[in-house]
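S.K.: What follows is model12.cif; its format and atoms are mmCIF, C-alpha atoms.
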```
data_start
#
loop_
_atom_site.label_atom_id
_atom_site.label_comp_id
_atom_site.auth_asym_id
_atom_site.auth_seq_id
_atom_site.Cartn_x
_atom_site.Cartn_y
_atom_site.Cartn_z
CA MET A 13 0.00 0.00 0.00
CA SER A 14 1.39 3.43 -0.92
CA ARG A 15 2.28 5.96 1.75
CA PHE A 16 -0.22 8.41 0.28
CA ARG A 17 -3.06 5.93 0.55
CA LYS A 18 -1.99 5.03 4.03
CA VAL A 19 -2.26 8.59 5.32
CA LEU A 20 -5.67 9.01 3.73
CA MET A 21 -6.82 5.86 5.49
CA VAL A 22 -5.48 7.16 8.79
CA LEU A 23 -7.33 10.43 8.31
CA ALA A 24 -10.53 8.50 7.57
CA VAL A 25 -10.27 6.33 10.69
CA THR A 26 -13.47 5.99 12.66
CA MET A 27 -14.06 6.81 16.29
CA VAL A 28 -13.89 3.10 17.08
CA GLY A 29 -10.20 3.34 16.34
CA ILE A 30 -9.85 6.52 18.35
CA THR A 31 -11.41 5.01 21.44
CA CYS A 32 -9.01 2.11 21.17
CA LEU A 33 -6.13 4.58 21.13
CA MET A 34 -7.59 6.14 24.23
CA GLY A 35 -7.22 2.84 26.02
CA ILE A 36 -10.94 2.61 26.74
CA SER A 37 -12.81 -0.61 26.16
CA TYR A 38 -16.17 -0.37 24.46
CA ALA A 39 -18.59 -2.79 22.93
CA ASP A 40 -18.19 -3.46 19.24
CA ASN A 41 -20.33 -0.84 17.50
CA SER A 42 -19.16 -1.46 13.96
CA SER A 43 -22.71 -2.40 13.00
CA GLN A 44 -24.22 0.67 14.61
CA THR A 45 -25.18 3.73 12.63
CA LYS A 46 -23.46 7.02 13.32
CA LEU A 47 -25.09 9.56 15.61
CA THR A 48 -26.51 12.44 13.60
CA LEU A 49 -27.13 15.96 14.83
CA ASN A 50 -30.86 15.38 14.50
CA ASP A 51 -30.63 12.26 16.68
CA ALA A 52 -28.58 14.07 19.32
CA ILE A 53 -31.06 16.95 19.47
CA ASN A 54 -34.07 14.64 19.75
CA VAL A 55 -32.48 12.73 22.63
CA ALA A 56 -31.53 15.96 24.40
CA LEU A 57 -35.04 17.41 24.06
CA LYS A 58 -36.55 14.22 25.41
CA ASN A 59 -34.28 14.21 28.47
CA SER A 60 -33.91 17.96 29.12
CA LYS A 61 -34.79 18.82 32.71
CA ASP A 62 -34.88 22.50 31.81
CA LEU A 63 -37.54 21.84 29.19
CA ILE A 64 -39.58 19.73 31.60
CA ALA A 65 -39.42 22.55 34.18
CA ALA A 66 -40.48 25.09 31.54
CA GLU A 67 -43.48 22.96 30.60
CA GLU A 68 -44.53 22.75 34.24
CA ASP A 69 -44.20 26.53 34.62
CA VAL A 70 -46.51 27.05 31.64
CA ALA A 71 -49.09 24.63 33.03
CA LYS A 72 -48.98 26.38 36.41
CA ALA A 73 -49.36 29.83 34.83
CA LEU A 74 -52.33 28.66 32.79
CA GLU A 75 -54.05 27.34 35.90
CA GLN A 76 -53.43 30.61 37.74
CA ARG A 77 -54.88 32.52 34.79
CA ARG A 78 -58.01 30.38 34.92
CA ASP A 79 -58.40 30.94 38.66
CA ILE A 80 -58.26 34.72 38.27
CA ALA A 81 -60.60 34.62 35.27
CA ASP A 82 -63.19 32.87 37.45
CA LYS A 83 -63.08 35.81 39.85
CA VAL A 84 -63.65 38.45 37.19
CA ARG A 85 -67.41 38.99 37.24
CA PHE A 86 -67.55 41.95 34.88
CA ILE A 87 -65.41 44.16 32.69
CA PRO A 88 -65.21 47.67 34.18
CA GLY A 89 -66.74 50.39 32.05
CA GLY A 90 -66.12 54.12 31.97
CA GLY A 91 -66.03 56.03 35.22
CA GLY A 92 -63.54 53.74 36.93
CA ASN A 93 -64.24 51.05 39.49
CA PRO A 94 -61.47 50.14 41.93
CA GLU A 95 -62.49 46.50 42.30
CA GLY A 96 -63.09 46.09 38.59
CA ASP A 97 -59.80 47.75 37.72
CA SER A 98 -57.75 45.61 40.08
CA LEU A 99 -59.42 42.35 39.03
CA TRP A 100 -59.10 43.14 35.35
CA VAL A 101 -55.42 44.11 35.64
CA SER A 102 -54.77 40.94 37.64
CA LEU A 103 -56.25 38.91 34.80
CA LEU A 104 -54.25 40.83 32.20
CA LYS A 105 -51.03 40.26 34.13
CA ALA A 106 -51.78 36.57 34.63
CA ASP A 107 -52.41 36.25 30.92
CA MET A 108 -49.19 38.13 30.19
CA GLN A 109 -47.23 35.81 32.47
CA TRP A 110 -48.70 32.79 30.73
CA GLN A 111 -47.72 34.22 27.32
CA ILE A 112 -44.18 34.97 28.50
CA LEU A 113 -43.72 31.49 29.95
CA THR A 114 -45.20 29.87 26.84
CA ARG A 115 -42.72 31.77 24.72
CA GLY A 116 -40.05 30.92 27.28
CA GLU A 117 -40.74 27.21 26.86
CA GLU A 118 -40.10 27.55 23.14
CA GLU A 119 -36.93 29.52 23.87
CA THR A 120 -35.73 26.77 26.19
CA LYS A 121 -36.27 24.23 23.43
CA LYS A 122 -34.32 26.37 20.96
CA GLN A 123 -31.50 26.85 23.45
CA VAL A 124 -31.21 23.11 24.01
CA MET A 125 -31.01 22.64 20.24
CA LEU A 126 -28.29 25.28 19.98
CA ASP A 127 -26.29 23.88 22.90
CA VAL A 128 -26.37 20.39 21.40
CA THR A 129 -25.39 21.69 17.96
CA LYS A 130 -22.41 23.57 19.38
CA ALA A 131 -21.33 20.55 21.45
CA PHE A 132 -21.72 18.25 18.44
CA LEU A 133 -19.59 20.53 16.27
CA ASP A 134 -17.00 20.91 19.01
CA LEU A 135 -16.68 17.13 19.27
CA GLN A 136 -16.32 16.92 15.50
CA GLY A 137 -13.41 19.36 15.56
CA LYS A 138 -11.73 17.70 18.53
CA ILE A 139 -11.83 14.31 16.80
CA GLU A 140 -10.07 15.71 13.74
CA ASN A 141 -7.47 17.39 15.94
CA LEU A 142 -6.73 14.03 17.53
CA LYS A 143 -6.23 12.40 14.14
CA SER A 144 -3.79 15.15 13.19
CA ALA A 145 -1.94 14.78 16.50
CA GLU A 146 -1.57 11.03 15.95
CA ILE A 147 -0.02 11.50 12.52
CA ASN A 148 2.24 14.26 13.82
CA LYS A 149 3.49 11.86 16.50
CA GLU A 150 4.24 9.24 13.84
CA SER A 151 6.25 11.84 11.93
CA ALA A 152 8.18 12.77 15.07
CA GLU A 153 8.93 9.09 15.77
CA SER A 154 10.27 8.68 12.25
CA ALA A 155 12.43 11.78 12.61
CA LEU A 156 13.91 10.43 15.84
CA ARG A 157 14.71 7.06 14.25
CA ILE A 158 16.50 8.83 11.43
CA ALA A 159 18.39 11.07 13.86
CA ASN A 160 19.52 8.01 15.83
CA ALA A 161 20.63 6.22 12.67
CA ARG A 162 22.58 9.25 11.45
CA LEU A 163 24.28 9.61 14.83
CA MET A 164 25.25 5.94 14.95
CA ALA A 165 26.64 6.16 11.41
CA GLY A 166 28.69 9.19 12.32
CA MET A 167 26.72 11.43 9.97
CA GLY A 168 24.64 13.28 12.57
CA LEU A 169 25.07 15.28 15.73
CA GLN A 170 23.95 14.65 19.29
CA VAL A 171 22.08 17.93 19.27
CA GLU A 172 20.02 16.72 16.29
CA LYS A 173 19.02 13.63 18.25
CA GLU A 174 18.11 15.71 21.31
CA SER A 175 16.06 18.05 19.14
CA ALA A 176 14.20 15.08 17.65
CA GLU A 177 13.58 13.66 21.13
CA LEU A 178 12.13 16.97 22.27
CA ALA A 179 9.94 17.17 19.17
CA LEU A 180 8.63 13.67 19.86
CA LYS A 181 7.88 14.51 23.48
CA ASN A 182 5.95 17.60 22.39
CA ALA A 183 4.06 15.54 19.82
CA GLN A 184 3.21 12.92 22.44
CA ASP A 185 2.02 15.61 24.85
CA SER A 186 -0.11 17.16 22.10
CA MET A 187 -1.69 13.81 21.33
CA GLU A 188 -2.46 13.16 24.99
CA ASN A 189 -4.03 16.61 25.29
CA ALA A 190 -6.04 15.92 22.13
CA LYS A 191 -7.32 12.67 23.65
CA ILE A 192 -8.39 14.52 26.79
CA ALA A 193 -10.11 17.16 24.67
CA VAL A 194 -12.06 14.48 22.80
CA ASP A 195 -13.12 12.86 26.08
CA ASN A 196 -14.23 16.22 27.47
CA ALA A 197 -16.19 16.99 24.30
CA TYR A 198 -17.97 13.63 24.53
CA GLU A 199 -18.86 14.32 28.15
CA VAL A 200 -20.38 17.71 27.30
CA LEU A 201 -22.53 16.23 24.54
CA ASN A 202 -23.51 13.21 26.65
CA ARG A 203 -24.51 15.46 29.54
CA LEU A 204 -26.78 17.47 27.24
CA MET A 205 -28.36 14.26 25.96
CA GLY A 206 -28.76 12.80 29.43
CA ARG A 207 -26.50 9.89 28.54
CA PRO A 208 -23.68 8.23 30.55
CA LEU A 209 -20.62 10.47 30.41
CA ASN A 210 -18.34 7.63 29.31
CA GLU A 211 -20.51 6.60 26.37
CA ARG A 212 -18.72 6.69 23.00
CA TYR A 213 -20.04 6.48 19.44
CA ASP A 214 -19.32 7.55 15.89
CA ILE A 215 -20.84 10.81 14.67
CA GLU A 216 -22.09 11.87 11.25
CA LYS A 217 -19.97 14.90 10.43
CA ILE A 218 -21.56 18.24 9.61
CA SER A 219 -20.25 19.65 6.34
CA TYR A 220 -19.50 23.26 5.49
CA VAL A 221 -22.61 24.85 3.98
CA PRO A 222 -22.20 28.59 3.30
CA MET A 223 -25.07 31.03 3.55
CA GLN A 224 -26.12 32.71 0.34
CA ASN A 225 -26.58 36.47 -0.04
CA ILE A 226 -26.16 37.51 3.59
CA ASN A 227 -28.02 40.80 4.16
CA GLU A 228 -27.12 42.30 7.53
CA ASP A 229 -30.12 44.65 7.59
CA VAL A 230 -32.61 41.88 6.86
CA GLU A 231 -31.03 39.55 9.40
CA ALA A 232 -30.98 42.30 12.03
CA GLU A 233 -34.72 42.88 11.62
CA LYS A 234 -35.34 39.15 11.91
CA GLY A 235 -33.33 39.20 15.11
CA VAL A 236 -35.53 41.93 16.55
CA LEU A 237 -38.76 40.18 15.56
CA ASN A 238 -37.61 36.90 17.15
CA SER A 239 -35.93 38.27 20.28
CA TYR A 240 -37.31 36.84 23.50
CA ASP A 241 -35.79 39.70 25.49
CA ILE A 242 -37.57 42.27 23.34
CA PHE A 243 -40.79 40.27 23.53
CA THR A 244 -40.74 40.25 27.34
CA ALA A 245 -39.78 43.94 27.44
CA GLN A 246 -42.75 44.79 25.22
CA LYS A 247 -45.04 42.80 27.49
CA GLN A 248 -43.69 44.71 30.46
CA LEU A 249 -44.43 47.96 28.61
CA GLU A 250 -48.02 46.83 28.21
CA ALA A 251 -48.17 46.17 31.95
CA GLU A 252 -46.85 49.66 32.69
CA GLN A 253 -49.53 51.12 30.41
CA TRP A 254 -52.22 49.21 32.29
CA ASP A 255 -51.31 51.13 35.44
CA ILE A 256 -52.36 54.25 33.55
CA ASP A 257 -55.44 52.83 31.84
CA PHE A 258 -56.69 51.16 35.05
CA PRO A 259 -55.41 53.46 37.81
CA TYR A 260 -56.66 51.61 40.91
CA ASP A 261 -54.59 49.07 42.82
CA LEU A 262 -55.90 46.18 44.92
CA GLY A 263 -56.31 48.48 47.91
CA GLY A 264 -58.47 50.92 45.94
CA ASN A 265 -55.73 53.56 45.83
CA PHE A 266 -55.54 55.80 42.78
CA LYS A 267 -52.26 55.73 40.84
CA LYS A 268 -51.02 59.15 39.73
CA PHE A 269 -50.48 59.59 36.01
CA ASP A 270 -47.31 61.69 36.30
CA VAL A 271 -45.70 58.90 38.35
CA GLU A 272 -46.83 55.95 36.24
CA ILE A 273 -45.92 57.57 32.91
CA LYS A 274 -42.28 57.63 33.98
CA ASP A 275 -42.30 53.85 34.16
CA VAL A 276 -43.71 53.76 30.63
CA TYR A 277 -40.93 56.00 29.33
CA LYS A 278 -38.33 53.93 31.17
CA GLN A 279 -39.60 50.70 29.63
CA GLN A 280 -39.65 52.28 26.17
CA ALA A 281 -35.98 53.14 26.64
CA VAL A 282 -35.28 49.55 27.68
CA ILE A 283 -36.88 48.28 24.47
CA GLU A 284 -34.85 50.69 22.36
CA SER A 285 -31.64 49.56 24.07
CA LYS A 286 -32.42 45.87 23.62
CA THR A 287 -33.36 46.46 19.99
CA ALA A 288 -30.04 48.17 19.27
CA SER A 289 -28.16 45.43 21.09
CA ILE A 290 -29.74 42.53 19.20
CA LYS A 291 -29.23 44.30 15.87
CA GLU A 292 -25.55 44.81 16.62
CA GLN A 293 -25.17 41.20 17.73
CA VAL A 294 -26.74 39.89 14.53
CA ARG A 295 -24.70 42.25 12.34
CA GLN A 296 -21.46 41.10 13.96
CA ILE A 297 -22.28 37.45 13.31
CA CYS A 298 -23.18 38.22 9.69
CA HIS A 299 -19.88 40.04 9.25
CA GLN A 300 -17.94 37.13 10.77
CA LEU A 301 -19.72 34.65 8.52
CA GLN A 302 -18.92 36.68 5.42
CA THR A 303 -15.28 37.02 6.47
CA LEU A 304 -14.97 33.26 6.97
CA GLN A 305 -16.61 32.54 3.63
CA ASP A 306 -13.96 34.66 1.95
CA GLN A 307 -11.27 32.52 3.62
CA TYR A 308 -12.71 29.17 2.59
CA ILE A 309 -11.02 28.96 -0.81
CA THR A 310 -7.64 29.55 0.83
CA MET A 311 -8.27 26.77 3.34
CA VAL A 312 -9.23 24.31 0.60
CA THR A 313 -6.24 25.35 -1.52
CA ASN A 314 -3.86 24.72 1.38
CA LYS A 315 -5.26 21.23 1.77
CA LYS A 316 -4.89 20.50 -1.95
CA VAL A 317 -1.31 21.80 -1.98
CA SER A 318 -0.29 19.62 0.97
CA GLU A 319 -2.04 16.66 -0.65
CA GLU A 320 0.03 17.18 -3.80
CA LYS A 321 3.19 17.43 -1.70
CA ILE A 322 2.46 13.98 -0.29
CA ARG A 323 2.19 12.59 -3.81
CA LEU A 324 5.50 14.14 -4.80
CA ALA A 325 7.22 13.07 -1.57
CA GLU A 326 5.98 9.51 -2.08
CA LEU A 327 7.25 9.47 -5.67
CA GLN A 328 10.64 10.87 -4.67
CA TYR A 329 10.94 8.33 -1.88
CA LYS A 330 10.20 5.45 -4.26
CA VAL A 331 12.87 6.50 -6.76
CA GLY A 332 15.42 7.15 -4.03
CA VAL A 333 15.75 10.93 -4.25
CA GLY A 334 13.62 11.63 -1.20
CA THR A 335 13.73 10.49 2.41
CA LEU A 336 11.21 8.79 4.63
CA ASP A 337 11.44 11.75 6.97
CA GLN A 338 10.40 14.11 4.18
CA LEU A 339 7.43 11.90 3.38
CA LYS A 340 6.41 11.79 7.04
CA GLN A 341 6.64 15.56 7.25
CA ALA A 342 4.42 15.90 4.18
CA GLU A 343 1.89 13.54 5.74
CA ALA A 344 1.90 15.51 8.98
CA GLN A 345 1.37 18.79 7.14
CA PHE A 346 -1.52 17.31 5.20
CA ALA A 347 -3.13 16.10 8.42
CA LYS A 348 -2.65 19.55 9.93
CA ASP A 349 -4.31 21.23 6.94
CA VAL A 350 -7.21 18.78 7.12
CA ALA A 351 -7.63 19.57 10.82
CA ASN A 352 -7.45 23.31 10.09
CA LEU A 353 -10.17 22.96 7.47
CA GLU A 354 -12.28 20.99 9.93
CA SER A 355 -11.74 23.66 12.58
CA PHE A 356 -12.80 26.27 10.04
CA THR A 357 -15.98 24.30 9.31
CA VAL A 358 -16.74 23.97 13.01
CA ASN A 359 -16.28 27.71 13.60
CA TYR A 360 -18.39 28.68 10.59
CA MET A 361 -21.25 26.29 11.26
CA THR A 362 -21.30 27.26 14.96
CA LEU A 363 -21.67 30.91 13.99
CA LYS A 364 -24.37 29.95 11.51
CA ALA A 365 -26.23 28.06 14.24
CA ASN A 366 -26.04 31.12 16.49
CA LEU A 367 -27.49 33.28 13.72
CA TYR A 368 -30.28 30.80 13.08
CA ARG A 369 -31.07 30.80 16.79
CA LEU A 370 -31.22 34.60 16.95
CA THR A 371 -33.31 34.99 13.80
CA GLY A 372 -35.89 32.31 14.56
CA ARG A 373 -34.80 29.73 12.00
CA ASP A 374 -34.79 25.99 12.59
CA ILE A 375 -31.26 25.22 13.79
CA LEU A 376 -31.35 21.81 12.11
CA ALA A 377 -31.57 23.66 8.79
CA ILE A 378 -27.97 24.88 9.06
CA THR A 379 -26.97 21.96 6.85
CA ASN A 380 -29.32 23.21 4.12
CA GLU A 381 -29.02 26.29 1.97
#
```
Turn the structure described in the file into structure tokens.

M.R.:
Amino acid sequence: MSRFRKVLMVLAVTMVGITCLMGISYADNSSQTKLTLNDAINVALKNSKDLIAAEEDVAKALEQRRDIADKVRFIPGGGGNPEGDSLWVSLLKADMQWQILTRGEEETKKQVMLDVTKAFLDLQGKIENLKSAEINKESAESALRIANARLMAGMGLQVEKESAELALKNAQDSMENAKIAVDNAYEVLNRLMGRPLNERYDIEKISYVPMQNINEDVEAEKGVLNSYDIFTAQKQLEAEQWDIDFPYDLGGNFKKFDVEIKDVYKQQAVIESKTASIKEQVRQICHQLQTLQDQYITMVTNKKVSEEKIRLAELQYKVGVGTLDQLKQAEAQFAKDVANLESFTVNYMTLKANLYRLTGRDILAITNE
């Protein structure tokens, strides 16, 4: 088997192989299908304690709304009625709370989906980093063998051997750190899914799918329309206005207009601030996405160049004008460029998921465009 084919096979190794390298014993899952993002999200939603709590809060708020509605015997007309005002406002506020919590339940669901997506992508990147670290260690081992042989043949220096030994130690440390990072990434995803922390499995990788025609202004408006913070702030503004429209509290005391109107103005300012903030947040993500898209061609080109260098290094090695060390170095660089491209994909798709979350899109649709 050629060296070029060998490195491609190493880069395509499955997580079954990785877990073996980690020294962890797992059941044979060669016949199992890979975990997809959709599967991970469905499991997490099913087991999310936060979502269960949100559902219970909504049910409780609905029951409280019904209890207050039973007490409202009439809708107050003109002229003002302290009891009518207070009962009606109580019902309005109970209804508002139910609406906020209902929307909050949906927000909790979306946040779980985003958290799982980010954890899934992080694991994907960490796995590729481990593959690169393994190949880099192989290259360092080869370099040390060559340095030892040169020294024994009187063609090398002791300092060259020591340098190769240090490089190997650094490569081994990097690989161990990469293994730990993979384990940690699995634990984060498993925790979100409510699964045992030591559970391991293959994952179906998420590919790079660029957004088309990113319009910052359009996306910013979508962010405002779908913002939970702005939604709750607007509901609070309605509540402040009720204190003016229905000026009696539960004790029958009259609320002064010049006092209550200040709360209205204050809440309007809060909404304006939150609107500006969400617009800026969305615009920044759009800008980052566009910047990354412009870099994609360079990342792919680097990978193709290093792939070609492997082919040339393999050919030179076969005809005797190249060394094994040079071939190993080419393989390590190729693995590094593959890992860099994977890291790029992870960063881009994570940003895209954040944008989809902010603008009300289905996060699972990040793989479509």

S.K.: Please identify every residue of region 157-264 of chain A that has at least one atom no farther than 9 Å from an atom of region 52-61 of chain A, counting only C-alpha atoms, and for each give the shortest atom pair and the distance in Å to one decimal, arranged by chain then increasing number, as a tab-separated table.

M.R.:
```
residue	atom	partner	partner_atom	distance
A:Leu201	CA	A:Ala52	CA	8.3
A:Asn202	CA	A:Ala56	CA	8.8
A:Arg203	CA	A:Ala56	CA	8.7
A:Leu204	CA	A:Ala56	CA	5.7
A:Met205	CA	A:Ala56	CA	3.9
A:Gly206	CA	A:Asn59	CA	5.8
A:Arg207	CA	A:Val55	CA	8.9
```

S.K.: Could you put an axis-aligned box around every listed atom of region 222-241 of chain A, padded by 6 Å on each side, and send me its centre and edge lengths in Å to one decimal, as lines of an AutoDock Vina configuration file?

M.R.:
```
center_x = -30.5
center_y = 36.6
center_z = 12.7
size_x = 28.6
size_y = 28.1
size_z = 37.5
```

S.K.: Excluding region 146-158 of chain A and its own-chain neighbours fewer than 4 positions away, which residues fall within 9 Å of it when counting all atoms listed in the file? Please give them as a VMD selection string.

M.R.: chain A and resid 19 22 to 23 141 to 142 162 to 163 172 to 177 179 to 184 186 to 187 336 to 345 347 to 348

S.K.: Using the chain letters and numbers from this file, what does the PyMOL selection byres ((chain A and resi 190) around 10) select? Give the answer as a PyMOL selection string.

M.R.: chain A and resi 138-146+184-189+191-196

S.K.: Residues at most 12 Å from region 277-290 of chain A, counting all atoms listed in the file, excluding those fewer than 6 positions away in the same chain, as JSON, numbers by chain?

M.R.: {"A": [228, 229, 231, 232, 233, 234, 235, 236, 237, 238, 239, 240, 241, 242, 243, 244, 245, 246, 247, 248, 249, 250, 251, 252, 253, 270, 271, 296, 297, 367, 370, 371]}

S.K.: How many Å separate CA of Gln123 (chain A) from CA of Val294 (chain A)?

M.R.: 16.5 Å

S.K.: What is the distance, in Å and to one decimal place, between CA of Asp306 (chain A) and CA of Asp134 (chain A)?

M.R.: 22.1 Å
